[in-house]
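Taking it in order: structure first as structure tokens, then the write-up.
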Amino acid sequence: MAAIDPFLARSRIAYFSMEIALRPDIHTYSGGLGVLAGDTARSAADLDVPVVFVTLVSREGYLRQEIDAEGRQVDHSDPWDPAEWATPLGAMVAVPIEGRQVWIRPWLYVLTCPVGHSVPVLLLDTRLEQNAPEDRGITDRLYGGDNAWRLRQEIVLGIGGEMLLQALGFEIETYHMNEGHAALLTAALLRRHPRTRRVATGDVLDYDDDRVREVCVFTTHTPVEAGHDHFAYDLVERQLDRLIPVSQLRLLGGEDRLNMTRLALNLSGFVNGVALRHAETTRQMFPGYTIRAVTNGVHVPTWTHPAMAALFQRIAPAWGHDPEQLAIADTLDDAEIRAAHDAAKADLVAEVRARTGVELRADLPVVAFARRMTGYKRPDLIFADLARLRAIHGARPFQLVMAGKAHPRDESGKALIQHIHRVTADMQGEVPLAFLPGYDMTLAKVMVAGADVWLNTPLPPMEASGTSGMKAAVNGGLNLSVLDGWWIEACIEGVTGWAVGGNDLRHEDDAQELYDKLERAVLPLWYDDPVRWTWMMKQAISKIAPRFNSQRMMRRYACEAYLR
Ligand SMILES: *Cc1c(COP(=O)(O)O)cnc(C)c1O
């Protein structure tokens, strides 16, 4: 049984995230945000940074994706059993929601890294006998339910999480909010710093917000206004039940609606976007705030195929702990790196066969596209001109593998999956195309390692960072991506991969530019110059792994945000 005691005196930083991908068996994540939080936790453990992680238990998971015969996504719950992986702790706290006391009990999951350091993760749970039946399910389903339900989850995470840390005896010096979902944490902290001010009409109670700013760090991930969580104040007033006066929230979270990003911005002494470009976009969206950039990274040993890992182990024994050592990966032997990639590609070919019955050829290039199925990610861009796609394939054949879930309430995302399904049927016997259902950590590992080309075609500036391309690169995959998010910082044309577009004002040309690149750069290189291709694989590893890893990201948070 894991115990919390060893962590109490030690943990100085609390990291709050609605989702976190701890391991494939624990379904407490939906996609990139959670995977980033998981990689952050793995790196905090590696570097022995004293962080405690706080999230919801989400015992029904997020979404098990089934694709029916018509290509429609069918949504199922995706349960996991906390008792199998975590220890229930004795402490409980109650937050008032809608006039009722909602009790919260944490489960403790201990994440231990290969060199033996550990970080604690608290998984908040409201499925307790003490709770009214309608409140027991608050923490069941990640992003489940309507707006009111979402607000309840955010109250449990932000306010309940802060109260639990106190109740357990943690002495936290810095609170890090991963995205706006946790912003109500600031309200809990304000309540700890009341003050009375004398004004002309008498004494007023308010809060010492400077004290809160001193201890809060906020990482924003959303480059579009519509993507930010916001709630009507009458809803907030009903649910928050006098925890904090709504008049106070209006001053800090927006006049018309409670905008969680604005609340977090106003109460954080350190705010950052997740790539240079994204920080710029955020500055334009929220003028007047100091927005820094800490570019995301991935936990390299988590995402490296075992065959590639064995090569790295030989040339740089501490690469997993310190991926900077992979700068020398460009000295790897060509035949060895091709053999390691072939092993990873064979796994992908087998996975595609097992999941779809489609038989891919290992001697032809595999282009992969896997990400959340939603409008701005443009999973259909490559299908903009099917005649052209067929012609390119006719000259130099390639194969396409796709995956990704649509959020259960994103109808246009679901329509994109159906569209891909129809195109797949249309091109049967011509361009080989497979859509793999159930994109998750396990499938992502197979895809990023086995793909030859990692395709990414978001509509700029909507991709805050993107991380799956980093995972592909550390496996020797070559990115073919629109210049947005992290790729602006990592792309060296014809060296680490290829850029699509680049003209921010003319995105209607992106599809033609994508075809041009495939036809004139990517496929000719594969077919005519395999030696140069292998050289590029080594360039991708040696230039991207040393920089776009989560240990570097964690060190930056530790120095710049936590040691402020
Ligand atoms: C890495 C990862 C993501 C992030 O993908 P991007 O679209 O590149 O941000 C999403 N889902 C899973 C399962 C991942 O492993």
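Chain labels run A, B, ... following the order of the structure tokens; each chain numbers its residues from 1, and ligands are numbered from 1 in the order shown.
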Looking only at helix (DSSP H, G or I) from DSSP on the backbone, list the matching residues of stretch 381-558 of chain A as a PyMOL selection string. chain A and resi 381-383+386-395+411-426+441-450+468-474+487-490+507-528+530-544+550-558
Exercise: stretch 74-84 of chain A partners within 10 Å, only C-alpha atoms, chain neighbours under 5 positions left out, as a PyMOL selection string: chain A and resi 25-28+57-68+107-109+123+125+140-142+144+405-408+414
Those same residues, written as a CSV table (one decimal), in the first residue's frame with N, CA, C and O atoms?
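Result written to again-v8.csv:
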chain,number,residue,atom,x,y,z
A,25,ASP,N,-3.3,1.8,-18.9
A,25,ASP,CA,-4.4,1.2,-18.1
A,25,ASP,C,-5.2,2.2,-17.3
A,25,ASP,O,-6.3,1.8,-16.8
A,26,ILE,N,-4.8,3.4,-17.2
A,26,ILE,CA,-5.5,4.4,-16.3
A,26,ILE,C,-6.1,5.4,-17.3
A,26,ILE,O,-5.4,6.2,-17.8
A,27,HIS,N,-7.4,5.4,-17.4
A,27,HIS,CA,-8.1,6.1,-18.5
A,27,HIS,C,-8.4,7.6,-18.1
A,27,HIS,O,-9.6,8.0,-18.3
A,28,THR,N,-7.5,8.3,-17.5
A,28,THR,CA,-7.8,9.6,-17.0
A,28,THR,C,-7.3,10.7,-17.9
A,28,THR,O,-6.9,11.8,-17.5
A,57,VAL,N,-10.5,11.3,-10.7
A,57,VAL,CA,-10.3,9.9,-10.9
A,57,VAL,C,-10.9,9.4,-12.2
A,57,VAL,O,-10.4,8.4,-12.7
A,58,SER,N,-11.9,10.0,-12.7
A,58,SER,CA,-12.5,9.7,-14.0
A,58,SER,C,-12.6,8.1,-14.2
A,58,SER,O,-12.0,7.6,-15.2
A,59,ARG,N,-13.3,7.5,-13.3
A,59,ARG,CA,-13.3,6.0,-13.4
A,59,ARG,C,-14.1,5.5,-14.6
A,59,ARG,O,-13.9,4.3,-14.9
A,60,GLU,N,-14.9,6.3,-15.2
A,60,GLU,CA,-15.5,5.8,-16.5
A,60,GLU,C,-14.7,6.2,-17.7
A,60,GLU,O,-15.1,6.0,-18.8
A,61,GLY,N,-13.5,6.8,-17.4
A,61,GLY,CA,-12.6,7.1,-18.5
A,61,GLY,C,-13.2,8.3,-19.4
A,61,GLY,O,-14.0,9.1,-18.9
A,62,TYR,N,-12.7,8.4,-20.6
A,62,TYR,CA,-13.1,9.5,-21.5
A,62,TYR,C,-14.0,8.9,-22.6
A,62,TYR,O,-15.2,9.1,-22.6
A,63,LEU,N,-13.5,8.1,-23.5
A,63,LEU,CA,-14.3,7.6,-24.6
A,63,LEU,C,-13.6,6.4,-25.2
A,63,LEU,O,-12.5,6.4,-25.6
A,64,ARG,N,-14.4,5.3,-25.2
A,64,ARG,CA,-13.9,4.1,-26.0
A,64,ARG,C,-14.6,4.3,-27.4
A,64,ARG,O,-15.8,4.3,-27.5
A,65,GLN,N,-13.8,4.4,-28.4
A,65,GLN,CA,-14.3,4.7,-29.8
A,65,GLN,C,-14.6,3.4,-30.6
A,65,GLN,O,-13.7,2.6,-30.7
A,66,GLU,N,-15.8,3.3,-31.0
A,66,GLU,CA,-16.1,2.3,-32.0
A,66,GLU,C,-16.5,3.0,-33.3
A,66,GLU,O,-17.2,4.0,-33.2
A,67,ILE,N,-16.1,2.4,-34.4
A,67,ILE,CA,-16.6,3.0,-35.7
A,67,ILE,C,-17.5,1.9,-36.3
A,67,ILE,O,-17.1,0.8,-36.5
A,68,ASP,N,-18.8,2.3,-36.6
A,68,ASP,CA,-19.7,1.4,-37.2
A,68,ASP,C,-19.5,1.2,-38.7
A,68,ASP,O,-18.6,1.9,-39.3
A,107,TRP,N,-7.6,9.2,-4.2
A,107,TRP,CA,-6.8,8.0,-4.3
A,107,TRP,C,-5.4,8.5,-4.6
A,107,TRP,O,-5.1,9.5,-5.2
A,108,LEU,N,-4.4,7.7,-4.1
A,108,LEU,CA,-3.0,8.0,-4.3
A,108,LEU,C,-2.4,7.0,-5.3
A,108,LEU,O,-2.4,5.8,-5.1
A,109,TYR,N,-1.9,7.6,-6.4
A,109,TYR,CA,-1.1,6.8,-7.3
A,109,TYR,C,0.3,7.3,-7.2
A,109,TYR,O,0.5,8.5,-7.2
A,123,LEU,N,-6.0,11.4,-7.1
A,123,LEU,CA,-7.1,11.3,-8.0
A,123,LEU,C,-8.4,11.5,-7.2
A,123,LEU,O,-8.7,10.7,-6.4
A,125,ASP,N,-12.2,11.8,-6.0
A,125,ASP,CA,-13.3,10.9,-6.3
A,125,ASP,C,-14.5,11.4,-5.4
A,125,ASP,O,-14.4,11.7,-4.2
A,140,ASP,N,-17.0,10.9,-12.4
A,140,ASP,CA,-16.9,9.6,-13.1
A,140,ASP,C,-16.3,9.7,-14.5
A,140,ASP,O,-15.6,8.9,-14.9
A,141,ARG,N,-16.8,10.7,-15.3
A,141,ARG,CA,-16.5,10.7,-16.7
A,141,ARG,C,-15.8,12.0,-17.1
A,141,ARG,O,-16.3,13.1,-16.9
A,142,LEU,N,-14.6,11.8,-17.7
A,142,LEU,CA,-13.8,13.0,-18.1
A,142,LEU,C,-14.6,13.8,-19.2
A,142,LEU,O,-14.9,13.2,-20.2
A,144,GLY,N,-17.5,14.6,-19.3
A,144,GLY,CA,-18.8,14.2,-19.5
A,144,GLY,C,-19.8,15.2,-19.0
A,144,GLY,O,-19.5,16.1,-18.2
A,405,LYS,N,-9.9,10.4,-32.1
A,405,LYS,CA,-11.3,10.4,-31.6
A,405,LYS,C,-11.8,11.8,-31.8
A,405,LYS,O,-11.1,12.8,-31.8
A,406,ALA,N,-13.2,11.8,-32.0
A,406,ALA,CA,-13.9,13.1,-32.0
A,406,ALA,C,-14.5,13.2,-30.6
A,406,ALA,O,-15.0,12.3,-30.0
A,407,HIS,N,-14.5,14.4,-30.0
A,407,HIS,CA,-15.2,14.6,-28.8
A,407,HIS,C,-16.7,14.3,-29.0
A,407,HIS,O,-17.2,14.6,-30.0
A,408,PRO,N,-17.3,13.6,-28.0
A,408,PRO,CA,-18.6,13.1,-28.1
A,408,PRO,C,-19.6,14.2,-28.6
A,408,PRO,O,-20.6,13.9,-29.2
A,414,LYS,N,-17.1,14.3,-35.8
A,414,LYS,CA,-17.6,13.0,-36.1
A,414,LYS,C,-17.8,12.9,-37.6
A,414,LYS,O,-17.6,11.8,-38.2
Cut-off 10 Å: closest chain A/ligand 1 atom pairs per residue, using only C-alpha atoms and all ligand atoms, as a tab-separated table:
residue	atom	partner	partner_atom_place_in_ligand_line	distance
A:Ala21	CA	ligand 1	13 (C)	8.6
A:Pro24	CA	ligand 1	13 (C)	9.3
A:Tyr29	CA	ligand 1	13 (C)	8.5
A:Ser30	CA	ligand 1	11 (N)	6.9
A:Gly31	CA	ligand 1	11 (N)	3.7
A:Gly32	CA	ligand 1	4 (C)	3.5
A:Leu33	CA	ligand 1	4 (C)	7.2
A:Gly34	CA	ligand 1	10 (C)	8.0
A:Val35	CA	ligand 1	2 (C)	5.8
A:Leu36	CA	ligand 1	1 (C)	7.4
A:Asp39	CA	ligand 1	1 (C)	9.6
A:Asn296	CA	ligand 1	9 (O)	9.9
A:Val298	CA	ligand 1	1 (C)	8.0
A:Trp303	CA	ligand 1	15 (O)	8.5
A:Phe369	CA	ligand 1	7 (O)	9.1
A:Ala370	CA	ligand 1	7 (O)	6.9
A:Arg371	CA	ligand 1	7 (O)	4.3
A:Arg372	CA	ligand 1	7 (O)	6.2
A:Met373	CA	ligand 1	7 (O)	9.2
A:Lys377	CA	ligand 1	7 (O)	8.0
A:Ala403	CA	ligand 1	13 (C)	9.6
A:Gly404	CA	ligand 1	11 (N)	7.7
A:Lys405	CA	ligand 1	11 (N)	8.8
A:Gly438	CA	ligand 1	13 (C)	9.0
A:Tyr439	CA	ligand 1	13 (C)	5.7
A:Asp440	CA	ligand 1	13 (C)	3.8
A:Met441	CA	ligand 1	13 (C)	4.3
A:Thr442	CA	ligand 1	13 (C)	7.5
A:Leu443	CA	ligand 1	13 (C)	7.2
A:Ala444	CA	ligand 1	15 (O)	4.8
A:Lys445	CA	ligand 1	15 (O)	6.9
A:Val446	CA	ligand 1	15 (O)	9.9
A:Met447	CA	ligand 1	15 (O)	9.4
A:Val448	CA	ligand 1	15 (O)	8.6
A:Trp454	CA	ligand 1	8 (O)	9.8
A:Leu455	CA	ligand 1	8 (O)	9.8
A:Asn456	CA	ligand 1	8 (O)	7.9
A:Thr457	CA	ligand 1	7 (O)	10.0
A:Pro458	CA	ligand 1	7 (O)	9.1
A:Glu463	CA	ligand 1	9 (O)	7.6
A:Ala464	CA	ligand 1	9 (O)	8.2
A:Ser465	CA	ligand 1	9 (O)	6.6
A:Gly466	CA	ligand 1	9 (O)	3.4
A:Thr467	CA	ligand 1	8 (O)	4.0
A:Ser468	CA	ligand 1	8 (O)	3.6
A:Gly469	CA	ligand 1	8 (O)	5.8
A:Met470	CA	ligand 1	8 (O)	7.9
A:Lys471	CA	ligand 1	1 (C)	7.1
A:Ala472	CA	ligand 1	1 (C)	9.5
A:Gly485	CA	ligand 1	9 (O)	9.4
A:Trp486	CA	ligand 1	8 (O)	9.5
Just want the 8 Å neighbourhood of A:Pro50, counted on only C-alpha atoms, with same-chain residues fewer than 2 positions away dropped. Output as an mmCIF file with N, CA, C and O atoms, in the first residue's frame.
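Output saved as part-v9.cif:
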data_model
loop_
_atom_site.group_PDB
_atom_site.id
_atom_site.type_symbol
_atom_site.label_atom_id
_atom_site.label_comp_id
_atom_site.auth_asym_id
_atom_site.auth_seq_id
_atom_site.Cartn_x
_atom_site.Cartn_y
_atom_site.Cartn_z
ATOM 1 N N ARG A 10 7.882 17.047 1.717
ATOM 2 C CA ARG A 10 8.771 17.270 0.598
ATOM 3 C C ARG A 10 8.134 18.071 -0.536
ATOM 4 O O ARG A 10 8.776 18.940 -1.127
ATOM 5 N N SER A 11 6.884 17.781 -0.835
ATOM 6 C CA SER A 11 6.261 18.381 -2.033
ATOM 7 C C SER A 11 6.063 19.877 -1.843
ATOM 8 O O SER A 11 5.474 20.316 -0.862
ATOM 9 N N ARG A 12 6.543 20.654 -2.788
ATOM 10 C CA ARG A 12 6.454 22.108 -2.690
ATOM 11 C C ARG A 12 5.568 22.714 -3.785
ATOM 12 O O ARG A 12 5.165 23.853 -3.717
ATOM 13 N N ILE A 13 5.363 21.923 -4.825
ATOM 14 C CA ILE A 13 4.610 22.425 -5.984
ATOM 15 C C ILE A 13 3.419 21.509 -6.208
ATOM 16 O O ILE A 13 3.554 20.281 -6.144
ATOM 17 N N ALA A 44 9.084 15.114 -13.839
ATOM 18 C CA ALA A 44 9.256 15.591 -12.459
ATOM 19 C C ALA A 44 9.868 14.459 -11.629
ATOM 20 O O ALA A 44 10.766 14.691 -10.810
ATOM 21 N N ASP A 48 13.476 14.496 -9.923
ATOM 22 C CA ASP A 48 13.253 14.626 -8.487
ATOM 23 C C ASP A 48 12.795 16.036 -8.110
ATOM 24 O O ASP A 48 13.215 16.588 -7.101
ATOM 25 N N VAL A 52 3.438 17.531 -6.415
ATOM 26 C CA VAL A 52 2.301 16.637 -6.227
ATOM 27 C C VAL A 52 1.297 16.970 -7.336
ATOM 28 O O VAL A 52 1.046 18.136 -7.623
ATOM 29 N N VAL A 119 6.826 10.610 -7.668
ATOM 30 C CA VAL A 119 5.938 11.740 -7.395
ATOM 31 C C VAL A 119 4.543 11.181 -7.084
ATOM 32 O O VAL A 119 4.129 10.179 -7.660
#
Among the residues of stretch 275-494 of chain A, find those DSSP assigns to strand (DSSP E) from the backbone and print them as a list in words.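 Selection result, strand (DSSP E) within stretch 275-494 of chain A: Arg292, Ala293, Val366, Val367, Ala368, Phe369, Ala370, Gln399, Leu400, Val401, Met402, Ala403, Leu433, Ala434, Phe435, Leu436, Val453, Trp454, Leu455, Asn456, Leu478, Asn479, Leu480, Ser481 and Val482 of chain A.
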Name all residues at most 12 Å from A:Ala310 (count only C-alpha atoms; drop same-chain ones fewer than 3 positions away) and give them as an MDAnalysis selection string. chainID A and resid 301 304:307 313:320 332 336:337 339:341 343 475
Could you check how far atom CA of A:Arg42 sits from atom CA of A:Gly180, in Å to one decimal? 21.9 Å
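Atom CA of A:His228 to atom CA of A:Ile20 spans 18.9 Å [interatomic distance, one decimal].
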Near A:Ser17, within 9 Å and counting only C-alpha atoms, which residues show up once chain neighbours fewer than 5 positions away are dropped, as a ChimeraX atom specification? /A:33-34,37,53-56,157,176-182
Which of A:Val121, A:Leu190, A:Leu151, A:Leu89 sits closest to A:Phe231 [using only C-alpha atoms]: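 Checking each of A:Val121, A:Leu190, A:Leu151, A:Leu89 against A:Phe231, counting only C-alpha atoms, the winner is A:Leu151.
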Residue nearest A:Ala558 - candidates A:Thr139, A:Glu351, A:Pro379, A:Thr40, atoms counted: only C-alpha atoms: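 Of all the options, A:Thr40 lies closest to A:Ala558.
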Distance in Å - atom CA of A:Gly297 versus atom CA of A:Tyr562: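 Between atom CA of A:Gly297 and atom CA of A:Tyr562 the gap works out to 17.8 Å.
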Give me, as a list of chain:residue names, all polymer residues having an atom no more than 10 Å from A:Ala346, counting only C-alpha atoms and skipping those fewer than 2 positions away in the same chain.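 Contacts, in chain order: A:His341, A:Asp342, A:Ala343, A:Ala344, A:Leu348, A:Val349, A:Ala350, A:Glu351, A:Val352, A:Leu360, A:Arg361, A:Ala362, A:Val446, A:Gly450.
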Can you write just those residues out, N, CA, C and O atoms, as a short mmCIF file (atom, residue, chain, number, x, y, z; two decimals), in the first residue's frame?
data_model
loop_
_atom_site.label_atom_id
_atom_site.label_comp_id
_atom_site.auth_asym_id
_atom_site.auth_seq_id
_atom_site.Cartn_x
_atom_site.Cartn_y
_atom_site.Cartn_z
N HIS A 341 14.19 0.93 -37.24
CA HIS A 341 12.94 1.49 -37.76
C HIS A 341 12.09 0.40 -38.42
O HIS A 341 10.86 0.39 -38.27
N ASP A 342 12.75 -0.52 -39.12
CA ASP A 342 11.99 -1.62 -39.74
C ASP A 342 11.24 -2.44 -38.70
O ASP A 342 10.11 -2.89 -38.94
N ALA A 343 11.87 -2.65 -37.54
CA ALA A 343 11.20 -3.41 -36.47
C ALA A 343 9.96 -2.66 -35.99
O ALA A 343 8.89 -3.24 -35.78
N ALA A 344 10.11 -1.33 -35.84
CA ALA A 344 8.96 -0.52 -35.40
C ALA A 344 7.87 -0.52 -36.46
O ALA A 344 6.68 -0.57 -36.16
N LEU A 348 3.80 -1.74 -36.57
CA LEU A 348 2.67 -0.94 -37.06
C LEU A 348 1.88 -1.71 -38.11
O LEU A 348 0.64 -1.74 -38.09
N VAL A 349 2.59 -2.36 -39.03
CA VAL A 349 1.92 -3.16 -40.08
C VAL A 349 1.06 -4.24 -39.42
O VAL A 349 -0.10 -4.46 -39.81
N ALA A 350 1.59 -4.88 -38.38
CA ALA A 350 0.84 -5.93 -37.68
C ALA A 350 -0.38 -5.35 -36.97
O ALA A 350 -1.46 -5.94 -36.96
N GLU A 351 -0.21 -4.17 -36.38
CA GLU A 351 -1.31 -3.53 -35.66
C GLU A 351 -2.43 -3.16 -36.64
O GLU A 351 -3.62 -3.33 -36.34
N VAL A 352 -2.07 -2.64 -37.81
CA VAL A 352 -3.06 -2.26 -38.81
C VAL A 352 -3.82 -3.51 -39.28
O VAL A 352 -5.05 -3.52 -39.40
N LEU A 360 -0.64 -3.73 -45.12
CA LEU A 360 0.29 -2.71 -45.63
C LEU A 360 1.58 -3.39 -46.06
O LEU A 360 1.93 -4.46 -45.57
N ARG A 361 2.29 -2.73 -46.95
CA ARG A 361 3.59 -3.25 -47.37
C ARG A 361 4.71 -2.51 -46.66
O ARG A 361 4.78 -1.28 -46.69
N ALA A 362 5.61 -3.30 -46.07
CA ALA A 362 6.69 -2.69 -45.29
C ALA A 362 7.71 -2.00 -46.19
O ALA A 362 8.45 -1.12 -45.74
N VAL A 446 2.66 2.89 -31.06
CA VAL A 446 2.92 2.07 -32.25
C VAL A 446 2.99 2.95 -33.50
O VAL A 446 3.86 2.77 -34.36
N GLY A 450 6.32 3.63 -35.89
CA GLY A 450 6.37 2.87 -37.14
C GLY A 450 6.20 3.69 -38.40
O GLY A 450 6.52 3.23 -39.50
#
Just checking: using only C-alpha atoms, which residue out of A:Ala387, A:Leu22, A:Leu364, A:Met536 ends up closest to A:Asp334?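 Between A:Ala387, A:Leu22, A:Leu364, A:Met536, the residue approaching A:Asp334 most closely is A:Met536.
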Which one is closest to A:Met554: A:Val294, A:Glu171, A:Ala425, A:Gly269? Count only C-alpha atoms.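 Result for the nearest residue to A:Met554: A:Val294.
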